[in-house]
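*Asks:* Contents of run_35.tsv (TSV, C-alpha atoms) are below:
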```tsv
chain	number	residue	atom	x	y	z
A	1	GLY	CA	3.86	8.76	-18.18
A	2	GLU	CA	2.68	6.86	-15.10
A	3	ASN	CA	4.20	3.44	-14.47
A	4	VAL	CA	0.74	2.07	-13.65
A	5	GLU	CA	-2.39	3.67	-15.06
A	6	GLN	CA	-5.71	2.84	-13.42
A	7	HIS	CA	-9.23	3.46	-14.73
A	8	PRO	CA	-11.80	4.56	-13.91
A	9	SER	CA	-11.03	6.95	-11.06
A	10	THR	CA	-14.61	6.69	-9.79
A	11	LEU	CA	-17.20	3.99	-10.34
A	12	SER	CA	-20.79	3.72	-9.13
A	13	VAL	CA	-22.77	0.52	-9.53
A	14	GLN	CA	-26.10	-0.79	-8.30
A	15	GLU	CA	-25.98	-3.49	-5.67
A	16	GLY	CA	-25.80	-6.87	-7.34
A	17	ASP	CA	-24.16	-5.58	-10.52
A	18	SER	CA	-20.54	-6.24	-11.49
A	19	ALA	CA	-17.64	-3.81	-11.25
A	20	VAL	CA	-14.48	-3.86	-13.34
A	21	ILE	CA	-11.33	-1.84	-12.71
A	22	LYS	CA	-8.51	-1.85	-15.25
A	23	CYS	CA	-4.78	-1.20	-14.93
A	24	THR	CA	-1.99	-0.90	-17.44
A	25	TYR	CA	1.69	-1.13	-16.53
A	26	SER	CA	4.82	-0.17	-18.42
A	27	ASP	CA	7.67	-2.10	-16.73
A	28	SER	CA	8.05	-5.32	-18.70
A	29	ALA	CA	9.97	-6.83	-15.77
A	30	SER	CA	6.92	-6.67	-13.48
A	31	ASN	CA	5.70	-10.16	-12.62
A	32	TYR	CA	3.54	-9.73	-9.53
A	33	PHE	CA	0.31	-7.74	-9.35
A	34	PRO	CA	-1.54	-7.27	-6.04
A	35	TRP	CA	-4.84	-5.46	-5.54
A	36	TYR	CA	-5.59	-3.50	-2.38
A	37	LYS	CA	-8.89	-2.31	-0.91
A	38	GLN	CA	-8.81	0.75	1.33
A	39	GLU	CA	-11.87	1.53	3.41
A	40	LEU	CA	-12.36	4.91	4.99
A	41	GLY	CA	-10.08	5.42	7.97
A	42	LYS	CA	-8.13	2.22	7.34
A	43	GLY	CA	-4.96	1.13	5.62
A	44	PRO	CA	-4.89	-0.70	2.28
A	45	GLN	CA	-5.66	-4.41	2.63
A	46	LEU	CA	-4.65	-7.06	0.11
A	47	ILE	CA	-7.71	-8.64	-1.51
A	48	ILE	CA	-6.22	-10.67	-4.33
A	49	ASP	CA	-2.97	-10.98	-6.25
A	50	ILE	CA	-1.73	-12.63	-9.42
A	51	ARG	CA	1.66	-13.73	-10.65
A	52	SER	CA	2.74	-13.60	-14.27
A	53	ASN	CA	2.67	-17.36	-14.76
A	54	VAL	CA	-1.16	-17.41	-14.67
A	55	GLY	CA	-3.75	-15.50	-16.62
A	56	GLU	CA	-6.63	-15.52	-14.15
A	57	LYS	CA	-7.27	-16.04	-10.46
A	58	LYS	CA	-10.57	-16.14	-8.64
A	59	ASP	CA	-11.57	-15.91	-4.98
A	60	GLN	CA	-15.33	-16.07	-4.43
A	61	ARG	CA	-16.79	-12.84	-5.89
A	62	ILE	CA	-13.41	-11.37	-6.81
A	63	ALA	CA	-11.30	-12.25	-9.83
A	64	VAL	CA	-8.21	-10.82	-11.45
A	65	THR	CA	-7.12	-11.29	-15.04
A	66	LEU	CA	-3.70	-10.62	-16.52
A	67	ASN	CA	-2.65	-10.09	-20.12
A	68	LYS	CA	1.16	-9.92	-20.07
A	69	THR	CA	1.44	-9.27	-23.78
A	70	ALA	CA	-0.74	-6.18	-23.55
A	71	LYS	CA	0.51	-5.32	-20.03
A	72	HIS	CA	-3.06	-5.11	-18.74
A	73	PHE	CA	-4.58	-6.52	-15.59
A	74	SER	CA	-8.11	-6.11	-14.28
A	75	LEU	CA	-10.13	-6.60	-11.11
A	76	HIS	CA	-13.62	-8.03	-11.43
A	77	ILE	CA	-16.13	-7.92	-8.57
A	78	THR	CA	-19.40	-9.75	-9.14
A	79	GLU	CA	-22.66	-9.45	-7.18
A	80	THR	CA	-21.46	-6.24	-5.58
A	81	GLN	CA	-22.56	-5.39	-2.05
A	82	PRO	CA	-22.54	-2.06	-0.17
A	83	GLU	CA	-19.55	-3.25	1.87
A	84	ASP	CA	-17.53	-3.40	-1.36
A	85	SER	CA	-17.61	0.41	-1.38
A	86	ALA	CA	-14.00	1.55	-0.92
A	87	VAL	CA	-10.96	2.81	-2.82
A	88	TYR	CA	-9.16	0.10	-4.79
A	89	PHE	CA	-5.49	0.31	-5.77
A	90	CYS	CA	-3.73	-1.91	-8.26
A	91	ALA	CA	0.03	-2.38	-8.04
A	92	ALA	CA	2.89	-3.90	-10.01
A	93	ASN	CA	6.25	-4.88	-8.58
A	94	MET	CA	9.49	-3.18	-9.57
A	95	ASN	CA	12.69	-4.92	-10.56
A	96	THR	CA	14.40	-3.79	-7.32
A	97	GLY	CA	13.74	-5.12	-3.85
A	98	ASN	CA	10.09	-5.40	-2.88
A	99	GLN	CA	8.88	-2.07	-4.16
A	100	PHE	CA	5.70	-1.43	-6.06
A	101	TYR	CA	4.25	0.96	-8.56
A	102	PHE	CA	0.76	1.87	-7.37
A	103	GLY	CA	-2.14	2.86	-9.57
A	104	THR	CA	-3.94	6.13	-8.84
A	105	GLY	CA	-6.92	4.41	-7.23
A	106	THR	CA	-10.60	3.81	-8.03
A	107	SER	CA	-13.30	4.98	-5.68
A	108	LEU	CA	-16.08	2.38	-5.91
A	109	THR	CA	-19.56	3.14	-4.61
A	110	VAL	CA	-22.16	0.38	-4.47
A	111	ILE	CA	-25.65	1.84	-4.32
A	112	PRO	CA	-28.13	-0.23	-2.26
B	1	ASP	CA	-8.14	-6.55	11.89
B	2	THR	CA	-4.71	-5.84	10.50
B	3	GLU	CA	-1.66	-7.73	11.82
B	4	VAL	CA	0.40	-4.54	11.68
B	5	THR	CA	-0.38	-2.26	14.60
B	6	GLN	CA	0.26	1.47	14.46
B	7	THR	CA	0.04	4.00	17.27
B	8	PRO	CA	-1.24	6.57	17.75
B	9	LYS	CA	-4.24	6.53	15.40
B	10	HIS	CA	-4.39	10.31	15.35
B	11	LEU	CA	-1.76	12.92	16.12
B	12	VAL	CA	-1.91	16.71	16.10
B	13	MET	CA	1.39	18.50	16.51
B	14	GLY	CA	2.79	21.97	16.20
B	15	MET	CA	5.69	22.81	13.94
B	16	THR	CA	8.12	22.97	16.86
B	17	ASN	CA	7.07	19.69	18.47
B	18	LYS	CA	8.89	16.37	18.50
B	19	LYS	CA	6.77	13.25	18.27
B	20	SER	CA	7.13	9.62	17.26
B	21	LEU	CA	4.98	7.18	15.34
B	22	LYS	CA	5.19	3.51	16.25
B	23	CYS	CA	4.59	0.32	14.32
B	24	GLU	CA	4.67	-3.31	15.41
B	25	GLN	CA	4.28	-6.61	13.56
B	26	HIS	CA	4.53	-10.19	14.79
B	27	MET	CA	4.38	-12.04	11.50
B	28	GLY	CA	8.13	-12.70	11.41
B	29	HIS	CA	8.54	-10.34	8.48
B	30	ARG	CA	12.05	-8.99	7.96
B	31	ALA	CA	11.19	-6.01	5.75
B	32	MET	CA	9.33	-2.99	7.11
B	33	TYR	CA	8.24	0.18	5.35
B	34	TRP	CA	6.99	3.69	5.97
B	35	TYR	CA	4.59	5.18	3.44
B	36	LYS	CA	2.95	8.59	3.30
B	37	GLN	CA	-0.54	8.91	1.85
B	38	LYS	CA	-2.32	12.12	0.95
B	39	ALA	CA	-6.08	12.20	0.50
B	40	LYS	CA	-7.32	10.45	-2.64
B	41	LYS	CA	-3.76	9.46	-3.63
B	42	PRO	CA	-1.85	6.17	-3.58
B	43	PRO	CA	0.73	5.50	-0.85
B	44	GLU	CA	4.18	7.00	-1.48
B	45	LEU	CA	7.23	5.11	-0.26
B	46	MET	CA	9.41	6.91	2.30
B	47	PHE	CA	11.73	4.33	3.88
B	48	VAL	CA	12.46	0.60	3.74
B	49	TYR	CA	14.20	-1.46	6.39
B	50	SER	CA	15.53	-4.90	5.66
B	51	TYR	CA	16.80	-7.04	8.53
B	52	GLU	CA	16.76	-3.95	10.76
B	53	LYS	CA	18.99	-1.98	8.39
B	54	LEU	CA	17.84	1.02	6.38
B	55	SER	CA	17.99	-0.05	2.75
B	56	ILE	CA	15.95	2.62	0.98
B	57	ASN	CA	15.41	6.31	1.73
B	58	GLU	CA	13.32	7.94	-0.97
B	59	SER	CA	14.94	11.38	-0.55
B	60	VAL	CA	12.83	12.10	2.51
B	61	PRO	CA	13.58	15.37	4.39
B	62	SER	CA	15.65	14.96	7.53
B	63	ARG	CA	12.76	16.16	9.70
B	64	PHE	CA	11.57	12.54	9.32
B	65	SER	CA	13.90	10.09	11.07
B	66	PRO	CA	13.18	6.35	10.96
B	67	GLU	CA	14.39	3.80	13.48
B	68	CYS	CA	14.14	0.02	13.60
B	69	PRO	CA	14.95	-1.14	17.16
B	70	ASN	CA	14.32	-4.81	16.35
B	71	SER	CA	12.71	-7.02	13.74
B	72	SER	CA	9.19	-6.39	15.08
B	73	LEU	CA	9.27	-2.65	15.68
B	74	LEU	CA	9.55	0.40	13.46
B	75	ASN	CA	9.46	4.02	14.59
B	76	LEU	CA	9.25	7.30	12.73
B	77	HIS	CA	10.55	10.28	14.66
B	78	LEU	CA	9.12	13.65	13.67
B	79	HIS	CA	10.66	17.06	14.32
B	80	ALA	CA	10.00	20.55	12.96
B	81	LEU	CA	7.35	19.38	10.54
B	82	GLN	CA	5.51	21.63	8.11
B	83	PRO	CA	1.75	21.84	7.56
B	84	GLU	CA	2.19	20.16	4.17
B	85	ASP	CA	3.46	17.07	6.04
B	86	SER	CA	-0.09	16.47	7.25
B	87	ALA	CA	-1.10	13.08	5.87
B	88	LEU	CA	-1.85	9.46	6.72
B	89	TYR	CA	1.39	7.66	7.61
B	90	LEU	CA	1.25	3.96	6.89
B	91	CYS	CA	3.55	1.24	8.14
B	92	ALA	CA	3.82	-2.01	6.18
B	93	SER	CA	5.76	-5.24	6.38
B	94	SER	CA	6.64	-8.07	4.02
B	95	GLN	CA	8.61	-11.26	4.18
B	96	SER	CA	11.97	-9.97	2.96
B	97	LEU	CA	13.73	-8.07	0.21
B	98	TYR	CA	16.36	-10.60	-0.70
B	99	ARG	CA	15.20	-12.02	-3.97
B	100	GLU	CA	16.12	-11.04	-7.47
B	101	MET	CA	12.58	-10.09	-8.38
B	102	TYR	CA	10.37	-10.19	-5.38
B	103	ASN	CA	6.66	-11.01	-5.31
B	104	SER	CA	5.45	-10.81	-1.74
B	105	PRO	CA	2.52	-8.63	-0.70
B	106	LEU	CA	2.77	-5.70	1.63
B	107	HIS	CA	0.78	-5.93	4.85
B	108	PHE	CA	-0.33	-2.45	5.89
B	109	GLY	CA	-1.37	-1.09	9.25
B	110	ASN	CA	-4.31	1.29	9.57
B	111	GLY	CA	-2.04	4.29	9.74
B	112	THR	CA	-1.54	7.37	11.87
B	113	ARG	CA	-3.52	10.41	10.76
B	114	LEU	CA	-1.08	13.29	11.32
B	115	THR	CA	-2.09	16.94	11.38
B	116	VAL	CA	0.60	19.61	11.62
B	117	THR	CA	-0.63	22.99	12.83
```
Represent the supplied structure as structure tokens.
*Replies:*
Amino acid sequence: GENVEQHPSTLSVQEGDSAVIKCTYSDSASNYFPWYKQELGKGPQLIIDIRSNVGEKKDQRIAVTLNKTAKHFSLHITETQPEDSAVYFCAANMNTGNQFYFGTGTSLTVIP
Amino acid sequence: DTEVTQTPKHLVMGMTNKKSLKCEQHMGHRAMYWYKQKAKKPPELMFVYSYEKLSINESVPSRFSPECPNSSLLNLHLHALQPEDSALYLCASSQSLYREMYNSPLHFGNGTRLTVT
């Protein structure tokens, strides 16, 4: 199976509502989990990351939670705005060098 | 704006052409990467350079030839490509590779949109 599974693949929310994207990883050695936002015509940009020694991290409207026991981590966006519309990728680091397993991506649409 | 600059933004080339993609970063990062991204898919790793030396080649066909002239620059030389090589080519950098279990984010450029005709 995939090293990182990401759900859902598409997500539509009304402006102002919350959006949650979930990822599951399989490599028990992974200890660093970044999230990337990719807007149309641009490269992926880091929006938040979490290391395995914490369970939650928040930055304004964005938060990430990590459950190491269950090997789950999630991205939470509150008070969504149209400019949050993009493709979001989760990632988990590998045990070799600085390589990452990427999730399959979630296309988020925020409806004004 | 991204701190990793890629040129050109768009490139159309025939199967017999030779072209090069360029990438530059001034963040003092010592690891640089080439990724290939197809539409609606995550980036796929192609090459990794660490301290200007090629450290990872993910079984990429020889029609793709990377080069790292110095710690700030990364090139990808293209020759005799196939239409299925059409994709977004992303350059990224990070602080370094030399840790047992690294946890440093990748900084991506905005990519070169390549079309092979």
*Asks:* Rank B:Met13, B:Ala31, B:Ala87, B:Cys23 by their smallest atom-to-atom distance to chain A, using only C-alpha atoms, and report the top residue only.
*Replies:*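 When distances to chain A are compared using only C-alpha atoms, the smallest one comes from B:Ala31.
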*Asks:* Would you mind listing what lies within 7 Å of Phe33 in chain A as a ChimeraX atom specification, with all atoms listed in the file counted and same-chain residues fewer than 2 positions away left out?
*Replies:* /A:31,35,49-51,91-93
*Asks:* Which residues are close to range 6-20 of chain A, i.e. within 10 Å by all atoms listed in the file, leaving aside same-chain residues fewer than 4 positions away? Reply as a ChimeraX atom specification.
*Replies:* /A:2,24-25,61-64,72-85,87-91,102-112 /B:40
*Asks:* Taking C-alpha atoms for each residue, export the selection above as a compact mmCIF listing (two decimals), in the frame of the given file.
*Replies:*
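Saved the output as selection-v9.txt:
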```txt
# COMPACT_ATOMS: atom_id res chain seq x y z
CA GLU A 2 2.68 6.86 -15.10
CA THR A 24 -1.99 -0.90 -17.44
CA TYR A 25 1.69 -1.13 -16.53
CA ARG A 61 -16.79 -12.84 -5.89
CA ILE A 62 -13.41 -11.37 -6.81
CA ALA A 63 -11.30 -12.25 -9.83
CA VAL A 64 -8.21 -10.82 -11.45
CA HIS A 72 -3.06 -5.11 -18.74
CA PHE A 73 -4.58 -6.52 -15.59
CA SER A 74 -8.11 -6.11 -14.28
CA LEU A 75 -10.13 -6.60 -11.11
CA HIS A 76 -13.62 -8.03 -11.43
CA ILE A 77 -16.13 -7.92 -8.57
CA THR A 78 -19.40 -9.75 -9.14
CA GLU A 79 -22.66 -9.45 -7.18
CA THR A 80 -21.46 -6.24 -5.58
CA GLN A 81 -22.56 -5.39 -2.05
CA PRO A 82 -22.54 -2.06 -0.17
CA GLU A 83 -19.55 -3.25 1.87
CA ASP A 84 -17.53 -3.40 -1.36
CA SER A 85 -17.61 0.41 -1.38
CA VAL A 87 -10.96 2.81 -2.82
CA TYR A 88 -9.16 0.10 -4.79
CA PHE A 89 -5.49 0.31 -5.77
CA CYS A 90 -3.73 -1.91 -8.26
CA ALA A 91 0.03 -2.38 -8.04
CA PHE A 102 0.76 1.87 -7.37
CA GLY A 103 -2.14 2.86 -9.57
CA THR A 104 -3.94 6.13 -8.84
CA GLY A 105 -6.92 4.41 -7.23
CA THR A 106 -10.60 3.81 -8.03
CA SER A 107 -13.30 4.98 -5.68
CA LEU A 108 -16.08 2.38 -5.91
CA THR A 109 -19.56 3.14 -4.61
CA VAL A 110 -22.16 0.38 -4.47
CA ILE A 111 -25.65 1.84 -4.32
CA PRO A 112 -28.13 -0.23 -2.26
CA LYS B 40 -7.32 10.45 -2.64
```
*Asks:* Per residue of chain A within 6 Å of chain B, note the shortest atom pair and the distance in Å to one decimal, counting all atoms listed in the file, and order the rows by chain and increasing residue number, as JSON lines.
*Replies:*
```
{"residue": "A:Tyr32", "atom": "CA", "partner": "B:Asn103", "partner_atom": "CA", "distance": 5.4}
{"residue": "A:Lys42", "atom": "CA", "partner": "B:Asn110", "partner_atom": "CA", "distance": 4.5}
{"residue": "A:Gly43", "atom": "CA", "partner": "B:Asn110", "partner_atom": "CA", "distance": 4.0}
{"residue": "A:Asn95", "atom": "CA", "partner": "B:Met101", "partner_atom": "CA", "distance": 5.6}
{"residue": "A:Gly97", "atom": "CA", "partner": "B:Leu97", "partner_atom": "CA", "distance": 5.0}
{"residue": "A:Asn98", "atom": "CA", "partner": "B:Tyr102", "partner_atom": "CA", "distance": 5.4}
{"residue": "A:Thr104", "atom": "CA", "partner": "B:Pro42", "partner_atom": "CA", "distance": 5.7}
```
*Asks:* Do you know which residues lie at most 6 Å from (-11.1, 0.8, 1.2), with coordinates as in the file and only C-alpha atoms counted, and could you write them as a PDB file with C-alpha atoms, keeping the file's coordinate frame?
*Replies:*
```pdb
ATOM      1  CA  LYS A  37      -8.890  -2.310  -0.910  1.00  0.00           C
ATOM      2  CA  GLN A  38      -8.810   0.750   1.330  1.00  0.00           C
ATOM      3  CA  GLU A  39     -11.870   1.530   3.410  1.00  0.00           C
ATOM      4  CA  LEU A  40     -12.360   4.910   4.990  1.00  0.00           C
ATOM      5  CA  ALA A  86     -14.000   1.550  -0.920  1.00  0.00           C
ATOM      6  CA  VAL A  87     -10.960   2.810  -2.820  1.00  0.00           C
TER       7      VAL A  87
END
```
*Asks:* Leaving out Glu58 in chain B and any residue of its chain fewer than 4 positions from it, which residues lie within 12 Å of it when counting all atoms listed in the file, given as a list in words?
*Replies:*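 Answer for this query is Gln99 of chain A; Tyr33, Trp34, Tyr35, Lys36, Glu44, Leu45, Met46, Phe47, Val48, Tyr49, Leu54, Ser62 and Phe64 of chain B.
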*Asks:* Name the residues in contact with His79 in chain B at a cut-off of 8 Å, using only C-alpha atoms, excluding same-chain residues fewer than 5 positions from it; report them as a PDB file with C-alpha atoms, keeping the file's coordinate frame.
*Replies:*
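Result saved to selection27.pdb:
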```pdb
ATOM      1  CA  MET B  15       5.690  22.810  13.940  1.00  0.00           C
ATOM      2  CA  THR B  16       8.120  22.970  16.860  1.00  0.00           C
ATOM      3  CA  ASN B  17       7.070  19.690  18.470  1.00  0.00           C
ATOM      4  CA  LYS B  18       8.890  16.370  18.500  1.00  0.00           C
ATOM      5  CA  LYS B  19       6.770  13.250  18.270  1.00  0.00           C
ATOM      6  CA  ARG B  63      12.760  16.160   9.700  1.00  0.00           C
ATOM      7  CA  PHE B  64      11.570  12.540   9.320  1.00  0.00           C
TER       8      PHE B  64
END
```
*Asks:* Could you check how far CA of Gln25 in chain B sits from CA of Asn70 in chain B, in Å to one decimal?
*Replies:* 10.6 Å
*Asks:* Which residues are close to Val116 in chain B, i.e. within 6 Å by all atoms listed in the file, leaving aside same-chain residues fewer than 3 positions away? Reply as a PyMOL selection string.
*Replies:* chain B and resi 12-14+83+86
*Asks:* Distance cut-off 6 Å, centre (-9.6, -12.7, -1.8) in file coordinates, counting all atoms listed in the file: which residues qualify? Return them as a PDB file with C-alpha atoms, in the coordinates of the input.
*Replies:*
```
ATOM      1  CA  ILE A  47      -7.710  -8.640  -1.510  1.00  0.00           C
ATOM      2  CA  ILE A  48      -6.220 -10.670  -4.330  1.00  0.00           C
ATOM      3  CA  ASP A  59     -11.570 -15.910  -4.980  1.00  0.00           C
TER       4      ASP A  59
END
```
*Asks:* Mind giving me the straight-line distance from CA of Gly41 in chain A to CA of Lys22 in chain B in Å, one decimal?
*Replies:*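 Straight-line distance from CA of Gly41 in chain A to CA of Lys22 in chain B works out to 17.5 Å.
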*Asks:* Rounded to one decimal, what separation in Å do you get between CA of Gly28 in chain B and CA of Gln60 in chain A?
*Replies:*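 Between these atoms lies a distance of 28.5 Å.
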*Asks:* Restore N, CA and C atoms in range 87-106 of chain A and list the result as a compact mmCIF listing (two decimals), in the frame of the given file.
*Replies:*
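Full text of part-v8.txt as output:
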```
# COMPACT_ATOMS: atom_id res chain seq x y z
N VAL A 87 -11.92 2.45 -1.77
CA VAL A 87 -10.96 2.81 -2.82
C VAL A 87 -10.09 1.58 -3.10
N TYR A 88 -9.95 1.26 -4.38
CA TYR A 88 -9.16 0.10 -4.79
C TYR A 88 -7.91 0.57 -5.52
N PHE A 89 -6.77 -0.01 -5.13
CA PHE A 89 -5.49 0.31 -5.77
C PHE A 89 -4.93 -0.96 -6.42
N CYS A 90 -4.51 -0.84 -7.66
CA CYS A 90 -3.73 -1.91 -8.26
C CYS A 90 -2.25 -1.59 -8.05
N ALA A 91 -1.40 -2.58 -8.19
CA ALA A 91 0.03 -2.38 -8.04
C ALA A 91 0.78 -3.38 -8.89
N ALA A 92 2.00 -3.01 -9.26
CA ALA A 92 2.89 -3.90 -10.01
C ALA A 92 4.27 -3.80 -9.39
N ASN A 93 4.95 -4.95 -9.25
CA ASN A 93 6.25 -4.88 -8.58
C ASN A 93 7.33 -4.32 -9.51
N MET A 94 8.33 -3.72 -8.86
CA MET A 94 9.49 -3.18 -9.57
C MET A 94 10.57 -4.25 -9.63
N ASN A 95 11.59 -3.97 -10.40
CA ASN A 95 12.69 -4.92 -10.56
C ASN A 95 13.73 -4.77 -9.45
N THR A 96 13.45 -4.01 -8.40
CA THR A 96 14.40 -3.79 -7.32
C THR A 96 13.71 -4.01 -5.98
N GLY A 97 14.30 -4.89 -5.18
CA GLY A 97 13.74 -5.12 -3.85
C GLY A 97 12.28 -5.50 -3.91
N ASN A 98 11.52 -5.10 -2.94
CA ASN A 98 10.09 -5.40 -2.88
C ASN A 98 9.31 -4.10 -2.95
N GLN A 99 9.59 -3.32 -3.99
CA GLN A 99 8.88 -2.07 -4.16
C GLN A 99 7.82 -2.22 -5.23
N PHE A 100 6.84 -1.33 -5.17
CA PHE A 100 5.70 -1.43 -6.06
C PHE A 100 5.38 -0.08 -6.70
N TYR A 101 4.92 -0.16 -7.94
CA TYR A 101 4.25 0.96 -8.56
C TYR A 101 2.78 0.83 -8.20
N PHE A 102 2.18 1.90 -7.68
CA PHE A 102 0.76 1.87 -7.37
C PHE A 102 -0.03 2.61 -8.44
N GLY A 103 -1.21 2.11 -8.74
CA GLY A 103 -2.14 2.86 -9.57
C GLY A 103 -2.70 4.03 -8.77
N THR A 104 -3.44 4.89 -9.45
CA THR A 104 -3.94 6.13 -8.84
C THR A 104 -5.21 5.92 -8.04
N GLY A 105 -5.77 4.72 -8.07
CA GLY A 105 -6.92 4.41 -7.23
C GLY A 105 -8.25 4.58 -7.94
N THR A 106 -9.22 3.74 -7.55
CA THR A 106 -10.60 3.81 -8.03
C THR A 106 -11.52 3.84 -6.84
```
